[in-house]
$ cat entry.cif   # mmCIF, C-alpha atoms
data_target
#
loop_
_atom_site.label_atom_id
_atom_site.label_comp_id
_atom_site.auth_asym_id
_atom_site.auth_seq_id
_atom_site.Cartn_x
_atom_site.Cartn_y
_atom_site.Cartn_z
CA MET A 1 29.84 -13.61 10.06
CA ILE A 2 26.14 -14.34 10.04
CA GLU A 3 25.40 -11.25 7.93
CA ALA A 4 28.08 -12.17 5.39
CA ARG A 5 26.63 -15.64 5.05
CA SER A 6 23.06 -14.38 4.58
CA SER A 7 24.14 -11.91 1.90
CA ASN A 8 25.42 -14.84 -0.14
CA GLN A 9 22.21 -16.88 0.00
CA GLY A 10 21.32 -18.66 -3.21
CA PRO A 11 20.35 -16.43 -6.14
CA ALA A 12 17.77 -18.93 -7.44
CA LEU A 13 14.88 -16.46 -7.66
CA LEU A 14 17.09 -13.87 -9.35
CA VAL A 15 18.29 -16.40 -11.93
CA LEU A 16 14.77 -17.71 -12.53
CA SER A 17 13.33 -14.24 -13.13
CA ARG A 18 16.09 -13.37 -15.60
CA SER A 19 15.85 -16.77 -17.29
CA ALA A 20 12.15 -16.13 -17.89
CA VAL A 21 13.06 -12.79 -19.48
CA LEU A 22 15.65 -14.48 -21.72
CA VAL A 23 13.03 -17.00 -22.88
CA ALA A 24 10.61 -14.17 -23.63
CA LEU A 25 13.35 -12.26 -25.45
CA THR A 26 14.24 -15.26 -27.64
CA VAL A 27 10.65 -16.03 -28.62
CA SER A 28 9.82 -12.34 -29.15
CA ALA A 29 12.73 -12.16 -31.61
CA ALA A 30 11.34 -15.20 -33.45
CA LEU A 31 7.88 -13.66 -33.53
CA TYR A 32 9.26 -10.40 -34.87
CA MET A 33 10.85 -12.23 -37.80
CA GLN A 34 7.58 -14.08 -38.36
CA TYR A 35 5.65 -10.81 -38.40
CA VAL A 36 8.09 -9.12 -40.80
CA ASP A 37 8.05 -11.99 -43.31
CA PRO A 38 5.69 -14.86 -42.35
CA GLY A 39 6.34 -16.84 -45.51
CA GLU A 40 10.12 -16.77 -45.21
CA ALA A 41 10.42 -17.13 -41.44
CA ALA A 42 7.72 -19.78 -41.07
CA PHE A 43 8.19 -20.32 -37.33
CA CYS A 44 4.41 -20.79 -37.56
CA GLY A 45 2.36 -22.32 -40.36
CA LEU A 46 0.08 -20.07 -42.39
CA LYS A 47 -2.93 -21.87 -40.89
CA SER A 48 -1.66 -21.69 -37.31
CA GLY A 49 -3.06 -19.76 -34.38
CA CYS A 50 0.01 -17.51 -34.58
CA GLU A 51 -1.02 -16.39 -38.04
CA ALA A 52 -4.62 -15.90 -36.92
CA VAL A 53 -3.37 -13.61 -34.14
CA ARG A 54 -0.98 -11.78 -36.49
CA LYS A 55 -3.75 -11.03 -38.97
CA ALA A 56 -6.35 -10.02 -36.37
CA GLY A 57 -5.58 -6.30 -36.54
CA PHE A 58 -3.87 -5.91 -33.17
CA SER A 59 -0.31 -6.70 -34.22
CA TYR A 60 1.03 -3.77 -36.25
CA PHE A 61 1.38 -0.03 -35.71
CA GLY A 62 1.48 2.79 -38.24
CA GLY A 63 0.81 0.51 -41.19
CA SER A 64 4.37 -0.84 -41.22
CA ARG A 65 5.17 -4.54 -41.01
CA TYR A 66 8.40 -3.60 -39.23
CA VAL A 67 6.64 -1.95 -36.26
CA SER A 68 4.76 -4.65 -34.41
CA VAL A 69 3.90 -6.02 -30.97
CA PRO A 70 6.87 -8.45 -31.06
CA LEU A 71 9.25 -5.53 -31.72
CA PHE A 72 7.98 -3.79 -28.60
CA GLY A 73 8.36 -7.11 -26.80
CA VAL A 74 12.01 -7.36 -27.79
CA ILE A 75 12.69 -3.80 -26.63
CA ALA A 76 10.70 -4.18 -23.40
CA PHE A 77 12.34 -7.44 -22.31
CA ALA A 78 15.80 -6.08 -23.11
CA VAL A 79 15.03 -3.08 -20.88
CA VAL A 80 13.73 -5.32 -18.07
CA LEU A 81 16.85 -7.49 -18.20
CA ALA A 82 19.14 -4.45 -18.18
CA ALA A 83 17.28 -2.98 -15.20
CA SER A 84 17.48 -6.28 -13.36
CA VAL A 85 21.24 -6.47 -13.88
CA ARG A 86 21.77 -2.86 -12.86
CA ALA A 87 19.52 -2.84 -9.78
CA PRO A 88 18.13 -6.34 -9.14
CA ARG A 89 15.71 -5.62 -6.29
CA SER A 90 14.89 -1.97 -6.79
CA ARG A 91 11.30 -0.80 -6.93
CA THR A 92 11.78 0.34 -10.51
CA THR A 93 13.04 -3.07 -11.61
CA VAL A 94 10.24 -4.95 -9.87
CA ALA A 95 7.73 -2.48 -11.34
CA LEU A 96 9.09 -3.18 -14.83
CA PHE A 97 8.76 -6.91 -14.24
CA GLY A 98 5.23 -6.28 -13.02
CA LEU A 99 4.33 -4.30 -16.13
CA GLY A 100 5.64 -7.13 -18.27
CA GLY A 101 3.57 -9.66 -16.35
CA ALA A 102 0.47 -7.47 -16.57
CA GLY A 103 1.07 -7.12 -20.31
CA GLY A 104 1.25 -10.89 -20.59
CA VAL A 105 -2.11 -11.25 -18.83
CA VAL A 106 -3.69 -8.62 -21.09
CA LEU A 107 -2.36 -10.20 -24.28
CA LEU A 108 -3.57 -13.65 -23.21
CA GLY A 109 -6.98 -12.07 -22.63
CA VAL A 110 -6.95 -10.45 -26.08
CA GLN A 111 -6.24 -13.82 -27.68
CA ALA A 112 -8.97 -15.54 -25.68
CA PHE A 113 -11.77 -12.98 -25.80
CA ALA A 114 -11.08 -10.67 -28.76
CA ILE A 115 -9.32 -12.82 -31.36
CA HIS A 116 -10.63 -16.24 -30.25
CA ALA A 117 -7.38 -17.88 -31.29
CA PHE A 118 -4.16 -18.65 -29.48
CA CYS A 119 -0.64 -18.18 -30.80
CA SER A 120 1.66 -20.78 -29.24
CA LEU A 121 4.72 -18.54 -29.47
CA CYS A 122 2.81 -15.55 -28.08
CA MET A 123 1.66 -17.68 -25.17
CA ILE A 124 5.25 -18.66 -24.38
CA VAL A 125 6.19 -14.97 -24.26
CA ASP A 126 3.17 -14.00 -22.17
CA ILE A 127 3.59 -16.84 -19.67
CA ALA A 128 7.33 -16.18 -19.40
CA ALA A 129 6.56 -12.51 -18.63
CA ILE A 130 4.12 -13.52 -15.90
CA VAL A 131 6.53 -16.07 -14.42
CA GLY A 132 9.38 -13.55 -14.50
CA ALA A 133 7.24 -11.01 -12.65
CA LEU A 134 6.31 -13.53 -9.94
CA PHE A 135 9.92 -14.57 -9.36
CA ALA A 136 11.06 -10.92 -9.29
CA LEU A 137 8.42 -10.12 -6.66
CA LEU A 138 9.39 -13.15 -4.55
CA ASP A 139 13.06 -12.19 -4.85
CA ARG A 140 12.36 -8.67 -3.59
CA ARG A 141 10.55 -10.09 -0.56
CA ALA A 142 13.39 -12.51 0.25
CA PRO A 143 15.20 -11.63 3.50
CA ALA A 144 18.67 -11.19 2.02
CA THR A 145 20.17 -9.78 -1.17
CA PRO A 146 21.82 -12.60 -3.14
CA VAL A 147 25.13 -12.26 -4.91
CA ASP A 148 24.63 -12.02 -8.66
CA PRO A 149 26.10 -15.25 -10.09
CA LEU A 150 27.24 -13.55 -13.31
CA PRO A 151 28.83 -10.19 -14.10
CA ALA A 152 26.90 -7.75 -16.27
CA TRP A 153 28.75 -8.74 -19.42
CA GLY A 154 27.69 -12.36 -18.90
CA TRP A 155 24.01 -11.45 -18.87
CA ALA A 156 24.55 -9.20 -21.90
CA ALA A 157 26.16 -12.09 -23.76
CA LEU A 158 23.22 -14.37 -22.91
CA ALA A 159 20.84 -11.69 -24.20
CA GLY A 160 22.88 -11.54 -27.42
CA ILE A 161 22.53 -15.32 -27.82
CA ALA A 162 18.79 -15.03 -27.20
CA LEU A 163 18.38 -12.38 -29.90
CA ALA A 164 20.64 -14.12 -32.42
CA THR A 165 19.23 -17.64 -32.07
CA PRO A 166 16.05 -17.24 -34.21
CA ALA A 167 17.85 -15.49 -37.08
CA THR A 168 20.70 -18.00 -36.98
CA TRP A 169 18.29 -20.91 -37.07
CA LEU A 170 16.57 -19.49 -40.16
CA ALA A 171 19.96 -19.23 -41.85
CA VAL A 172 21.10 -22.78 -41.09
CA LYS A 173 17.95 -24.89 -40.80
CA PRO A 174 17.57 -27.61 -43.45
CA PRO A 175 14.62 -27.06 -45.77
CA PRO A 176 11.99 -29.83 -45.87
CA PRO A 177 12.34 -32.21 -48.81
CA VAL A 178 10.51 -31.20 -51.98
CA PRO A 179 7.41 -33.42 -52.37
CA ALA A 180 7.85 -36.09 -55.02
CA GLY A 181 4.99 -34.82 -57.19
CA ILE A 182 6.53 -31.37 -57.37
CA ALA A 183 10.08 -32.63 -57.80
CA ALA A 184 8.82 -34.59 -60.82
CA LEU A 185 8.16 -31.23 -62.53
CA TYR A 186 11.77 -30.13 -62.14
CA GLU A 187 14.24 -30.14 -65.00
CA PRO A 188 17.94 -30.85 -64.43
CA GLN A 189 20.45 -27.98 -64.49
CA LYS A 190 17.78 -25.30 -64.32
CA ILE A 191 16.29 -22.88 -61.82
CA ASN A 192 13.09 -24.77 -61.02
CA VAL A 193 10.11 -22.73 -59.82
CA VAL A 194 6.62 -24.14 -59.25
CA GLU A 195 3.97 -21.63 -58.17
CA PHE A 196 0.47 -22.44 -56.88
CA ALA A 197 -1.75 -19.37 -57.08
CA ASP A 198 -5.24 -17.92 -57.52
CA PHE A 199 -5.74 -14.98 -59.89
CA GLU A 200 -8.19 -13.25 -57.52
CA CYS A 201 -6.10 -13.78 -54.37
CA PRO A 202 -4.68 -10.36 -53.31
CA PHE A 203 -1.49 -11.91 -51.95
CA CYS A 204 -0.96 -13.83 -55.20
CA ARG A 205 -1.46 -10.62 -57.15
CA ALA A 206 1.04 -8.78 -54.98
CA PHE A 207 3.60 -11.56 -55.25
CA HIS A 208 3.36 -12.03 -59.03
CA PRO A 209 5.48 -9.02 -60.06
CA VAL A 210 8.01 -9.77 -57.32
CA LEU A 211 8.58 -13.35 -58.46
CA GLN A 212 8.51 -12.57 -62.17
CA GLY A 213 10.79 -9.56 -61.69
CA VAL A 214 13.44 -11.76 -60.09
CA LEU A 215 13.11 -14.53 -62.67
CA HIS A 216 13.43 -12.05 -65.54
CA ASP A 217 16.97 -11.30 -64.36
CA TYR A 218 18.01 -14.76 -65.56
CA PRO A 219 18.13 -16.13 -69.12
CA PRO A 220 14.77 -17.75 -70.02
CA ALA A 221 16.55 -20.95 -71.03
CA GLN A 222 17.92 -21.23 -67.49
CA VAL A 223 14.50 -21.04 -65.80
CA ASN A 224 11.88 -23.78 -65.61
CA PHE A 225 8.75 -22.03 -64.36
CA VAL A 226 5.59 -24.09 -63.85
CA ARG A 227 2.30 -22.41 -62.97
CA LYS A 228 -0.28 -24.39 -61.03
CA HIS A 229 -3.84 -23.20 -60.53
CA VAL A 230 -5.64 -23.43 -57.19
CA PRO A 231 -8.70 -21.15 -57.47
CA LEU A 232 -10.30 -20.80 -54.04
CA SER A 233 -14.06 -21.24 -53.73
CA ALA A 234 -14.28 -17.91 -51.88
CA HIS A 235 -13.12 -16.11 -55.05
CA GLU A 236 -15.94 -16.23 -57.60
CA GLU A 237 -13.87 -15.08 -60.56
CA ALA A 238 -10.81 -17.19 -59.78
CA LEU A 239 -12.05 -20.39 -61.46
CA PRO A 240 -13.00 -18.80 -64.82
CA ALA A 241 -9.68 -16.95 -64.83
CA ALA A 242 -7.74 -20.15 -64.14
CA ARG A 243 -9.61 -21.93 -66.95
CA ALA A 244 -8.79 -19.06 -69.33
CA ALA A 245 -5.09 -19.19 -68.42
CA ILE A 246 -5.00 -22.94 -69.04
CA CYS A 247 -6.64 -22.54 -72.44
CA ALA A 248 -4.17 -19.79 -73.34
CA GLU A 249 -1.31 -22.00 -72.17
CA GLU A 250 -2.49 -24.61 -74.67
CA GLN A 251 -1.52 -22.10 -77.36
CA GLY A 252 1.75 -21.07 -75.73
CA LYS A 253 0.30 -17.83 -74.35
CA GLY A 254 -0.34 -18.89 -70.76
CA GLU A 255 2.13 -16.54 -69.08
CA ALA A 256 1.27 -13.64 -71.35
CA LEU A 257 -2.36 -13.94 -70.28
CA ALA A 258 -1.43 -14.58 -66.64
CA ASN A 259 0.45 -11.28 -66.59
CA ARG A 260 -2.76 -9.55 -67.64
CA LEU A 261 -5.09 -11.48 -65.33
CA VAL A 262 -3.25 -10.51 -62.14
CA GLU A 263 -3.76 -6.80 -62.94
CA MET A 264 -7.24 -6.59 -64.44
CA ASP A 265 -10.82 -6.77 -63.17
CA LEU A 266 -11.81 -10.37 -63.75
CA SER A 267 -14.83 -11.47 -65.77
CA PRO A 268 -15.22 -14.11 -68.50
CA SER A 269 -15.73 -11.51 -71.23
CA ALA A 270 -12.72 -9.45 -70.10
CA GLU A 271 -10.60 -12.60 -69.92
CA ARG A 272 -11.53 -13.57 -73.47
CA ARG A 273 -10.68 -10.08 -74.75
CA ALA A 274 -7.34 -10.19 -72.95
CA ALA A 275 -6.62 -13.62 -74.44
CA ILE A 276 -7.26 -12.36 -77.96
CA GLU A 277 -5.06 -9.32 -77.29
CA VAL A 278 -2.08 -11.50 -76.29
CA GLY A 279 -2.39 -13.50 -79.53
CA VAL A 280 -4.67 -16.43 -78.67
CA ASP A 281 -6.82 -17.86 -81.46
CA GLY A 282 -10.38 -17.07 -80.39
CA ALA A 283 -12.14 -20.09 -81.88
CA ARG A 284 -9.64 -22.52 -80.40
CA PHE A 285 -9.84 -20.70 -77.07
CA ASP A 286 -13.64 -20.99 -77.06
CA ARG A 287 -13.51 -24.73 -77.77
CA CYS A 288 -11.08 -25.22 -74.89
CA MET A 289 -13.23 -23.17 -72.51
CA ALA A 290 -16.29 -25.26 -73.45
CA SER A 291 -14.46 -28.50 -72.70
CA LYS A 292 -13.73 -30.22 -69.39
CA GLU A 293 -9.97 -30.23 -69.93
CA PRO A 294 -9.29 -27.06 -67.86
CA ASP A 295 -11.30 -28.46 -64.95
CA SER A 296 -9.37 -31.72 -65.03
CA ARG A 297 -6.10 -29.79 -64.96
CA ILE A 298 -7.25 -27.65 -62.03
CA ASP A 299 -8.33 -30.72 -60.09
CA ASP A 300 -4.89 -32.25 -60.62
CA ASP A 301 -3.19 -29.04 -59.47
CA LYS A 302 -5.30 -28.92 -56.31
CA LYS A 303 -4.54 -32.54 -55.52
CA LEU A 304 -0.83 -31.91 -56.01
CA LEU A 305 -0.83 -29.03 -53.51
CA ASP A 306 -3.01 -30.95 -51.05
CA ALA A 307 -0.56 -33.85 -51.17
CA ALA A 308 2.32 -31.44 -50.54
CA GLY A 309 0.50 -29.88 -47.58
CA PHE A 310 -1.68 -26.90 -48.44
CA GLU A 311 -1.23 -24.01 -45.99
CA GLY A 312 -2.09 -20.96 -48.05
CA LEU A 313 -1.59 -19.08 -51.31
CA PRO A 314 0.62 -18.34 -52.99
CA THR A 315 2.77 -21.40 -52.35
CA THR A 316 5.96 -21.36 -54.39
CA TYR A 317 8.69 -23.97 -54.62
CA VAL A 318 12.05 -22.59 -55.70
CA GLY A 319 14.62 -25.35 -55.90
CA ASN A 320 14.59 -27.04 -52.50
CA LYS A 321 12.89 -24.13 -50.73
CA ARG A 322 9.20 -23.53 -50.18
CA LEU A 323 7.99 -19.92 -49.97
CA LEU A 324 4.63 -19.37 -48.30
CA GLY A 325 2.67 -16.23 -49.00
CA ALA A 326 3.77 -12.99 -50.61
CA VAL A 327 7.35 -13.05 -49.37
CA SER A 328 9.86 -10.27 -49.99
CA GLU A 329 12.04 -9.83 -53.06
CA VAL A 330 15.09 -10.50 -50.89
CA ALA A 331 13.66 -13.89 -49.90
CA VAL A 332 12.91 -14.77 -53.52
CA ARG A 333 16.39 -13.79 -54.70
CA ASP A 334 17.98 -15.81 -51.93
CA ALA A 335 15.93 -18.87 -52.87
CA VAL A 336 16.73 -18.48 -56.58
CA GLU A 337 20.46 -18.08 -55.88
CA HIS A 338 20.41 -21.31 -53.90
CA ALA A 339 18.50 -23.00 -56.72
CA LEU A 340 21.09 -22.11 -59.35
CA PRO A 341 22.59 -25.23 -60.92
CA GLY A 342 26.24 -25.88 -60.28
CA PRO A 343 28.56 -27.26 -57.60
CA GLY A 344 27.19 -26.65 -54.14
CA LYS A 345 23.98 -25.03 -55.43
CA GLY A 346 20.58 -26.63 -55.27
CA SER A 347 22.13 -30.03 -54.89
CA GLY A 348 20.41 -31.08 -51.68
CA PRO A 349 18.66 -29.99 -48.55
CA GLY A 350 21.83 -29.14 -46.64
CA GLY A 351 21.44 -27.17 -43.46
CA LEU A 352 22.11 -28.05 -39.84
CA PRO A 353 19.93 -30.61 -38.01
CA GLY A 354 17.81 -29.13 -35.25
CA ALA A 355 19.38 -31.30 -32.54
CA VAL A 356 22.88 -30.19 -33.55
CA PHE A 357 21.82 -26.53 -33.60
CA ALA A 358 20.21 -26.84 -30.16
CA ALA A 359 23.37 -28.46 -28.82
CA LEU A 360 25.48 -25.61 -30.21
CA VAL A 361 23.21 -22.99 -28.64
CA LEU A 362 23.30 -24.77 -25.28
CA GLY A 363 27.06 -25.06 -25.63
CA ALA A 364 27.35 -21.33 -26.26
CA VAL A 365 25.19 -20.60 -23.22
CA GLY A 366 27.28 -22.96 -21.10
CA ALA A 367 30.51 -21.37 -22.32
CA VAL A 368 29.28 -17.88 -21.46
CA VAL A 369 28.15 -18.97 -18.00
CA TRP A 370 31.45 -20.75 -17.30
CA LEU A 371 33.61 -17.88 -18.54
CA ALA A 372 31.56 -15.32 -16.64
CA ARG A 373 31.72 -17.27 -13.40
CA PHE A 374 35.41 -18.03 -13.91
CA SER A 375 36.18 -14.36 -14.52
CA ARG A 376 34.21 -13.38 -11.42
CA GLY A 377 36.05 -15.97 -9.35
CA THR A 378 39.42 -14.78 -10.72
CA VAL A 379 38.59 -11.18 -9.82
CA ARG A 380 37.63 -12.19 -6.29
CA ASP A 381 40.76 -14.27 -5.85
CA GLY A 382 42.85 -11.33 -7.05
#

$ encode --input "entry.cif" --output "structure tokens"
Amino acid sequence: MIEARSSNQGPALLVLSRSAVLVALTVSAALYMQYVDPGEAAFCGLKSGCEAVRKAGFSYFGGSRYVSVPLFGVIAFAVVLAASVRAPRSRTTVALFGLGGAGGVVLLGVQAFAIHAFCSLCMIVDIAAIVGALFALLDRRAPATPVDPLPAWGWAALAGIALATPATWLAVKPPPPVPAGIAALYEPQKINVVEFADFECPFCRAFHPVLQGVLHDYPPAQVNFVRKHVPLSAHEEALPAARAAICAEEQGKGEALANRLVEMDLSPSAERRAAIEVGVDGARFDRCMASKEPDSRIDDDKKLLDAAGFEGLPTTYVGNKRLLGAVSEVAVRDAVEHALPGPGKGSGPGGLPGAVFAALVLGAVGAVVWLARFSRGTVRDG
């Protein structure tokens, strides 16, 4: 009787260790999406510590954006959870928890001493791994083996919720409102696109053909594309190139020249030759370049992006969505499709409020726990 009672002692340590793994699994999945497409996922801002860590050179393997530290995190925590469910207190399971905790300590050290920046999401994963390892070790040293409160399928369902939550949130989250200054550039019943870029910025250069390739699939009369110039001080040739594009735009050749500038080696003489080649009147171009008008326009463009919240380049508004960085063609097409005029398209922010989404996730977790415990109780009664 005494032995039976001790074998049913509370499974608190077991639940806590697995809960830490589920937290790490959820946040690792969010980080993986951030690493695959930081502009589209935007769990972290482009000026955040997370982005500093991502760009530090320790995050990817084999030159592929799809093979990253967060991917290994997702796989590792799934394996740890599966081992814990299969053999909760075995040496192998506790060793796996220990490896995860040690990995968390190492990655915290890399952020502190090698990168000198901290990623908030990475820290959640690392601390959860450490906490999970401590609880797993304490559970192994406990005097009695607790009864698992959930069957294996219950833990698998919770893992599924953990993995699906970040992707689901990206699909349903409401976009932030378009800043008033940018919305003022929009035209009714059109696909409105406002791009802030720098002709010397490598990410802007990479994104240019992606964005323009998507927009060229739609009739020109249906697209309202506005180019804004934000030449960064770190790029010496960006300002002269922006001035040249503005002077070409004055003659209706702005985009024709822009298409050349993103591909060529930049210099004032090369920019003038390119302008002449796309049909710009040279004398009028020279007068514009000698004036202060381009500088005034650039100052206004910078102020507009600063007011909207400058995080990085390129920054592109497509309808009610903001794309940060050189996002994928899939992300651009999705944004353009949502910006199409018509019933139910581009008519408002839409989406699901964060509090409602959190309540639905918690409800799903509660439902899984209740059903799993109910099924276990039914089996025992039978």

$ closest_residue --input "entry.cif" --among "A:Pro88, A:Gly181, A:Gly363, A:Pro220" --to "A:Ala152" --atoms "only C-alpha atoms"
A:Pro88

$ closest_residue --input "entry.cif" --among "A:Leu266, A:Val80, A:Val69, A:Val36" --to "A:Leu239" --atoms "only C-alpha atoms"
A:Leu266

$ residues_around --input "entry.cif" --residues "A:Tyr218" --least-positions-apart "6" --cutoff "12 Å" --atoms "only C-alpha atoms" --output "JSON, numbers by chain"
{"A": [190, 191, 211, 212, 224, 225, 333, 336, 337, 340]}

$ closest_residue --input "entry.cif" --among "A:Gly366, A:Ala270, A:Glu187, A:Arg322" --to "A:Pro341" --atoms "all atoms listed in the file"
A:Glu187

$ resolve_selection --input "entry.cif" --expression "the PyMOL selection byres ((chain A and resi 59) around 10)" --output "ChimeraX atom specification"
/A:35,53-58,60-61,65,67-71

$ atom_distance --input "entry.cif" --atom1 "atom CA of A:Gly103" --atom2 "atom CA of A:Ala144"
28.7 Å

$ resolve_selection --input "entry.cif" --expression "the PyMOL selection byres ((chain A and resi 257-263) around 9)" --output "JSON, numbers by chain"
{"A": [198, 199, 200, 201, 202, 204, 205, 206, 208, 209, 241, 242, 244, 245, 248, 249, 253, 254, 255, 256, 264, 265, 266, 271, 274, 275, 277, 278]}

$ resolve_selection --input "entry.cif" --expression "the PyMOL selection byres ((chain A and resi 22-27) around 8)" --output "PDB file with C-alpha atoms, in the coordinates of the input"
ATOM      1  CA  ARG A  18      16.090 -13.370 -15.600  1.00  0.00           C
ATOM      2  CA  SER A  19      15.850 -16.770 -17.290  1.00  0.00           C
ATOM      3  CA  ALA A  20      12.150 -16.130 -17.890  1.00  0.00           C
ATOM      4  CA  VAL A  21      13.060 -12.790 -19.480  1.00  0.00           C
ATOM      5  CA  SER A  28       9.820 -12.340 -29.150  1.00  0.00           C
ATOM      6  CA  ALA A  29      12.730 -12.160 -31.610  1.00  0.00           C
ATOM      7  CA  ALA A  30      11.340 -15.200 -33.450  1.00  0.00           C
ATOM      8  CA  LEU A  31       7.880 -13.660 -33.530  1.00  0.00           C
ATOM      9  CA  GLY A  73       8.360  -7.110 -26.800  1.00  0.00           C
ATOM     10  CA  VAL A  74      12.010  -7.360 -27.790  1.00  0.00           C
ATOM     11  CA  PHE A  77      12.340  -7.440 -22.310  1.00  0.00           C
ATOM     12  CA  ALA A  78      15.800  -6.080 -23.110  1.00  0.00           C
ATOM     13  CA  LEU A  81      16.850  -7.490 -18.200  1.00  0.00           C
ATOM     14  CA  LEU A 121       4.720 -18.540 -29.470  1.00  0.00           C
ATOM     15  CA  CYS A 122       2.810 -15.550 -28.080  1.00  0.00           C
ATOM     16  CA  ILE A 124       5.250 -18.660 -24.380  1.00  0.00           C
ATOM     17  CA  VAL A 125       6.190 -14.970 -24.260  1.00  0.00           C
ATOM     18  CA  ASP A 126       3.170 -14.000 -22.170  1.00  0.00           C
ATOM     19  CA  ALA A 128       7.330 -16.180 -19.400  1.00  0.00           C
ATOM     20  CA  ALA A 129       6.560 -12.510 -18.630  1.00  0.00           C
ATOM     21  CA  LEU A 158      23.220 -14.370 -22.910  1.00  0.00           C
ATOM     22  CA  ALA A 159      20.840 -11.690 -24.200  1.00  0.00           C
ATOM     23  CA  ALA A 162      18.790 -15.030 -27.200  1.00  0.00           C
ATOM     24  CA  LEU A 163      18.380 -12.380 -29.900  1.00  0.00           C
ATOM     25  CA  THR A 165      19.230 -17.640 -32.070  1.00  0.00           C
ATOM     26  CA  PRO A 166      16.050 -17.240 -34.210  1.00  0.00           C
TER      27      PRO A 166
END

$ residues_around --input "entry.cif" --residues "A:Ala339" --least-positions-apart "3" --cutoff "8 Å" --atoms "all atoms listed in the file" --output "PyMOL selection string"
chain A and resi 190-192+318-320+335-336+345-346

$ closest_residue --input "entry.cif" --among "A:Val327, A:Ile115, A:Val356, A:Phe207" --to "A:Gly49" --atoms "only C-alpha atoms"
A:Ile115

$ atom_distance --input "entry.cif" --atom1 "atom CA of A:Glu250" --atom2 "atom CA of A:Lys321"
28.5 Å

$ atom_distance --input "entry.cif" --atom1 "atom CA of A:Ile182" --atom2 "atom CA of A:Lys302"
12.1 Å
